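Colleague: Questions regarding the structure given below will be posed in turn.
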Amino acid sequence: MPDLSLGDDLRAFVDTSPSPSHAVAELARRLRAASFTELAEADRWELTPGGQHFVVRHGSLIAFRVGSASPAEAGLRLVGAHTDSPTFKVRPRNDVRQAGYRLVGVEPYGGGLWHTWLDRELTVAGRVALRGGGTALVRLPGAPLRLPSLAIHLDRSVRDGLKLDPQRELVPVWSQDLGTEPGLREALASEVGAAVQDVVGHDLVLADTQPAGRTGADGSWIAAPRLDNLASCHAGVTALIAAAATSRTQLLVANDHEEVGSGSMSGARGSFLEDVVRRLVAVLDAGDPQALPRALAQSRLVSADMAHAVHPTRSDRHEPGHQPQLGGGPVLKVNANQAYATDAVTSGWFAERCAEASVPVQWFVTRADLPCGSTIGPLTATRLGIATVDVGAPMLAMHSARELASALDVPLVVGALTACFAD
């Protein structure tokens with residue numbers, strides 16, 4: 001029986017991270033346990049070789065280990081992932097009452113397979129803003145929400161295909177409308193120990209309450225929500241902690257808002273990574289006006305997202321020569337139109353690192369007659385001018401309420417990323 005312990009650790013990571021804010025909190029917890037210290041963006045940073053630090057900006061986190069040489073002399077090794085996943089976000093005015101029920105107003109976030117959310121036990125998770133400027137993480141206990149299907153007796157046309165109207169039909173049920181029961185706002189206040197009037201804002205998502213599980217004939221597959229892209233956040237932080245210090249500064253960035261285009265202060269289109277890299281260079285290469293472009297020219301970024309494994313019954317939707325298998329190791333992702341940032345140099349560099357770690361490599365290219373998804377890779381490469389390779393662990397049911405990956409790939413991806421950090 002193969003060692004599935006890292007797969008079990010990934011399942012625990014996912015269960016602890018129902019929202020981007022929770023994912024950042026869990027990343028921070030693991031980093032603190034490995035002797036990384038938190039820095040505040042508003043403070044003055046004092047950095048020395050070997051120092052291990054992290055900084056948080058809303059739903060994003062950057063962690064780094066300072067190398068023995070300055071960035072201008074040795075460059076950086078970076079791994080990027082994202083903390084968000086397709087879900088539903090709770091609206092500001094969310095108390096909906098109709099047909100004798102209380103519902104919670106939400107809107108779709110990202111491009112999800114929304115029919116897979118029907119008839120699942122759901123909760124609300126994220127952060128609330130409190131009067132006076134504080135925030136608190138919240139995850140309502142139990143499963144207070146559900147998106148119920150319509151009985152087939154009331155709509156037999158569903159046999160010909162299901163098309164859901166997100167405004168009318170994707171509104172989760174909270175309770176009966178009796179006029180005396182607490183609503184979502186009261187439940188949130190109670191959970192964080194605050195008065196209702198002191199909860200002044202929120203950033204909340206729906207989350208499946210079923211724990212991540214083992215599945216498959218031999219139990220080596222992982223069925224879980226949010227694998228895209230918590231699996232890469234987990235692999236990145238595990239690799240960073242495991243990697244030995246080198247002359248190069250090693251950095252992990254976990255951005256929020258990738259699923260909606262990354263256009264935010266904490267997304268890949270924002271300044272977070274650039275701000276941190278600039279500060280690193282300014283402190284460690286003080287006095288050299290050319291230090292930043294010198295450092296970036298010697299750096300490599302691994303954009304770690306998930307990859308489409310070949311589907312068991314729909315292999316026709318895959319390019320015949322590029323059909324990654326579950327358990328086959330990390331996937332190099334290439335697109336002629338730059339939806340992925342991989343090029344000849346960066347793919348060769350990544351393949352060499354994998355060979356050093358005895359990790360097999362697979363390839364993914366989208367069919368020429370299908371559109372291609374994208375990642376933070378091209379966005380970061382464009383903003384920073386940094387050589388980038390797009391890779392991912394193979395998975396099935398991407399963007400569904402529960403996705404499928406192989407525990408056998410977890411140590412392979414961690415091994416590959418550790419080798420990239422150690423280069």
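Identifiers for the structure tokens are assigned positionally: chains receive A, B, ... in sequence, residues are indexed from 1 per chain, and ligands are indexed from 1 in the order shown.
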Quick one: DSSP strand (DSSP E) residues in region 17-178 of chain A, as JSON, numbers by chain?

Modeller: {"A": [37, 38, 52, 53, 54, 55, 56, 57, 60, 61, 62, 63, 64, 65, 76, 77, 78, 79, 80, 81, 82, 87, 88, 89, 90, 91, 92, 93, 94, 95, 96, 97, 98, 101, 102, 103, 104, 105, 106, 107, 108, 109, 122, 123, 124, 125, 126, 127, 128, 129, 130, 135, 136, 137, 138, 139, 173, 174, 175, 176]}

Colleague: Excluding region 73-86 of chain A and residues on its chain fewer than 4 positions from it, collect all residues at most 8 Å away from it, counting only C-alpha atoms, and give them as a count of residues only.

Modeller: 52

Colleague: Between CA of Ala307 (chain A) and CA of Gly415 (chain A), what distance in Å does the model show, to one decimal?

Modeller: 17.2 Å

Colleague: Taking only C-alpha atoms into account, which of A:Val192, A:Val171, A:Ala416, A:Val391 comes nearest Glu352 (chain A)?

Modeller: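 Selected residue with least distance to Glu352 (chain A): A:Ala416.
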
Colleague: Under the rule that only C-alpha atoms are counted, which of A:Leu162, A:Val128, A:Ala336, A:Leu154 is the nearest residue to Leu113 (chain A)?

Modeller: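 Among the listed residues, the smallest separation from Leu113 (chain A) belongs to A:Leu162.
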
Colleague: Please report, as a PDB file with C-alpha atoms, in the first residue's frame, each residue of region 159-327 of chain A to which DSSP assigns alpha helix (DSSP H) when run on this structure's backbone.

Modeller:
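The new file part.pdb reads:
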ATOM      1  CA  LEU A 184     -28.099  34.837   9.123  1.00  0.00           C
ATOM      2  CA  ARG A 185     -27.021  38.156  10.621  1.00  0.00           C
ATOM      3  CA  GLU A 186     -28.015  37.038  14.133  1.00  0.00           C
ATOM      4  CA  ALA A 187     -26.268  33.694  13.644  1.00  0.00           C
ATOM      5  CA  LEU A 188     -23.050  35.409  12.530  1.00  0.00           C
ATOM      6  CA  ALA A 189     -23.083  37.785  15.504  1.00  0.00           C
ATOM      7  CA  SER A 190     -23.680  34.905  17.906  1.00  0.00           C
ATOM      8  CA  GLU A 191     -20.860  32.853  16.394  1.00  0.00           C
ATOM      9  CA  VAL A 192     -18.249  35.631  16.789  1.00  0.00           C
ATOM     10  CA  LEU A 227      -9.015  21.211  -4.606  1.00  0.00           C
ATOM     11  CA  ASP A 228      -8.703  23.850  -7.319  1.00  0.00           C
ATOM     12  CA  ASN A 229      -6.654  25.417  -5.930  1.00  0.00           C
ATOM     13  CA  LEU A 230      -6.131  24.564  -2.269  1.00  0.00           C
ATOM     14  CA  ALA A 231      -4.168  21.507  -3.398  1.00  0.00           C
ATOM     15  CA  SER A 232      -1.475  23.788  -4.835  1.00  0.00           C
ATOM     16  CA  CYS A 233      -1.500  26.051  -1.757  1.00  0.00           C
ATOM     17  CA  HIS A 234      -0.948  22.941   0.363  1.00  0.00           C
ATOM     18  CA  ALA A 235       1.832  21.613  -1.904  1.00  0.00           C
ATOM     19  CA  GLY A 236       3.494  25.039  -2.032  1.00  0.00           C
ATOM     20  CA  VAL A 237       3.610  25.620   1.707  1.00  0.00           C
ATOM     21  CA  THR A 238       4.696  22.016   2.357  1.00  0.00           C
ATOM     22  CA  ALA A 239       7.505  22.373  -0.187  1.00  0.00           C
ATOM     23  CA  LEU A 240       8.649  25.751   1.143  1.00  0.00           C
ATOM     24  CA  ILE A 241       8.836  24.448   4.702  1.00  0.00           C
ATOM     25  CA  ALA A 242      10.691  21.299   3.565  1.00  0.00           C
ATOM     26  CA  PHE A 272       0.961  42.526  -3.612  1.00  0.00           C
ATOM     27  CA  LEU A 273       3.732  40.327  -5.025  1.00  0.00           C
ATOM     28  CA  GLU A 274       5.507  43.230  -6.689  1.00  0.00           C
ATOM     29  CA  ASP A 275       5.373  45.248  -3.453  1.00  0.00           C
ATOM     30  CA  VAL A 276       6.947  42.403  -1.472  1.00  0.00           C
ATOM     31  CA  VAL A 277       9.635  41.674  -4.060  1.00  0.00           C
ATOM     32  CA  ARG A 278      10.506  45.367  -4.292  1.00  0.00           C
ATOM     33  CA  ARG A 279      10.866  45.557  -0.505  1.00  0.00           C
ATOM     34  CA  LEU A 280      13.024  42.436  -0.414  1.00  0.00           C
ATOM     35  CA  VAL A 281      15.342  43.869  -3.040  1.00  0.00           C
ATOM     36  CA  ALA A 282      15.365  47.336  -1.455  1.00  0.00           C
ATOM     37  CA  VAL A 283      16.417  45.917   1.912  1.00  0.00           C
ATOM     38  CA  LEU A 284      18.834  43.227   0.730  1.00  0.00           C
ATOM     39  CA  ALA A 291      18.953  45.555  -8.257  1.00  0.00           C
ATOM     40  CA  LEU A 292      15.285  44.846  -9.057  1.00  0.00           C
ATOM     41  CA  PRO A 293      15.625  44.131 -12.800  1.00  0.00           C
ATOM     42  CA  ARG A 294      18.802  42.166 -12.090  1.00  0.00           C
ATOM     43  CA  ALA A 295      16.976  40.037  -9.532  1.00  0.00           C
ATOM     44  CA  LEU A 296      13.941  39.425 -11.751  1.00  0.00           C
ATOM     45  CA  ALA A 297      16.124  38.457 -14.720  1.00  0.00           C
TER      46      ALA A 297
END

Colleague: Might you pull out every residue within 9 Å of region 30-38 of chain A, with only C-alpha atoms counted and same-chain residues fewer than 6 positions away left off, and present them as number ranges by chain?

Modeller: A: 51-56, 63-65, 237-238, 241

Colleague: With only C-alpha atoms as the basis for distance, which of A:Gly67, A:Gly213, A:Pro144, A:Pro182 is at the shortest distance from Glu403 (chain A)?

Modeller: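 Among the listed residues, A:Gly213 lies closest to Glu403 (chain A).
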
Colleague: With only C-alpha atoms as the atoms that count, which of A:Asp155, A:Asp8, A:Glu169, A:Asp177 lies nearest to Arg102 (chain A)?

Modeller: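 Between A:Asp155, A:Asp8, A:Glu169, A:Asp177, the residue approaching Arg102 (chain A) most closely is A:Asp177.
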
Colleague: Of the candidates A:Gln210, A:His115, A:Leu137, A:Ala125, which one gets nearest to Leu170 (chain A) if we count only C-alpha atoms?

Modeller: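 For Leu170 (chain A), the nearest of the candidates is A:His115.
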
Colleague: Give me, please, the distance in Å between CA of Leu412 (chain A) and CA of Pro394 (chain A), quoted to one decimal.

Modeller: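 Between CA of Leu412 (chain A) and CA of Pro394 (chain A) the gap works out to 11.3 Å.
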
Colleague: Counting only C-alpha atoms, what is within 8 Å of Asn94 (chain A), bar same-chain residues fewer than 5 positions away, as an mmCIF file with all heavy atoms, in the first residue's frame?

Modeller:
data_model
loop_
_atom_site.group_PDB
_atom_site.id
_atom_site.type_symbol
_atom_site.label_atom_id
_atom_site.label_comp_id
_atom_site.auth_asym_id
_atom_site.auth_seq_id
_atom_site.Cartn_x
_atom_site.Cartn_y
_atom_site.Cartn_z
ATOM 1 N N LEU A 103 -34.709 32.634 2.952
ATOM 2 C CA LEU A 103 -33.587 32.218 2.127
ATOM 3 C C LEU A 103 -32.444 33.201 2.312
ATOM 4 O O LEU A 103 -32.616 34.280 2.912
ATOM 5 C CB LEU A 103 -33.990 32.150 0.641
ATOM 6 C CG LEU A 103 -35.171 31.240 0.286
ATOM 7 C CD1 LEU A 103 -36.480 32.030 0.308
ATOM 8 C CD2 LEU A 103 -34.977 30.594 -1.071
ATOM 9 N N VAL A 104 -31.273 32.851 1.812
ATOM 10 C CA VAL A 104 -30.099 33.719 1.894
ATOM 11 C C VAL A 104 -29.703 34.124 0.480
ATOM 12 O O VAL A 104 -29.412 33.269 -0.367
ATOM 13 C CB VAL A 104 -28.934 33.008 2.600
ATOM 14 C CG1 VAL A 104 -27.662 33.872 2.536
ATOM 15 C CG2 VAL A 104 -29.295 32.720 4.055
ATOM 16 N N GLY A 105 -29.711 35.419 0.231
ATOM 17 C CA GLY A 105 -29.354 35.928 -1.087
ATOM 18 C C GLY A 105 -27.866 35.778 -1.363
ATOM 19 O O GLY A 105 -27.025 36.232 -0.585
ATOM 20 N N VAL A 106 -27.546 35.123 -2.474
ATOM 21 C CA VAL A 106 -26.152 34.902 -2.871
ATOM 22 C C VAL A 106 -26.015 35.186 -4.357
ATOM 23 O O VAL A 106 -27.002 35.296 -5.091
ATOM 24 C CB VAL A 106 -25.695 33.455 -2.564
ATOM 25 C CG1 VAL A 106 -25.783 33.146 -1.085
ATOM 26 C CG2 VAL A 106 -26.501 32.447 -3.386
#

Colleague: Hey, which of A:Arg402, A:Asp203, A:Leu150, A:Pro312 ends up closest to Trp114 (chain A)? Count only C-alpha atoms.

Modeller: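 For Trp114 (chain A), the nearest of the given residues is A:Arg402.
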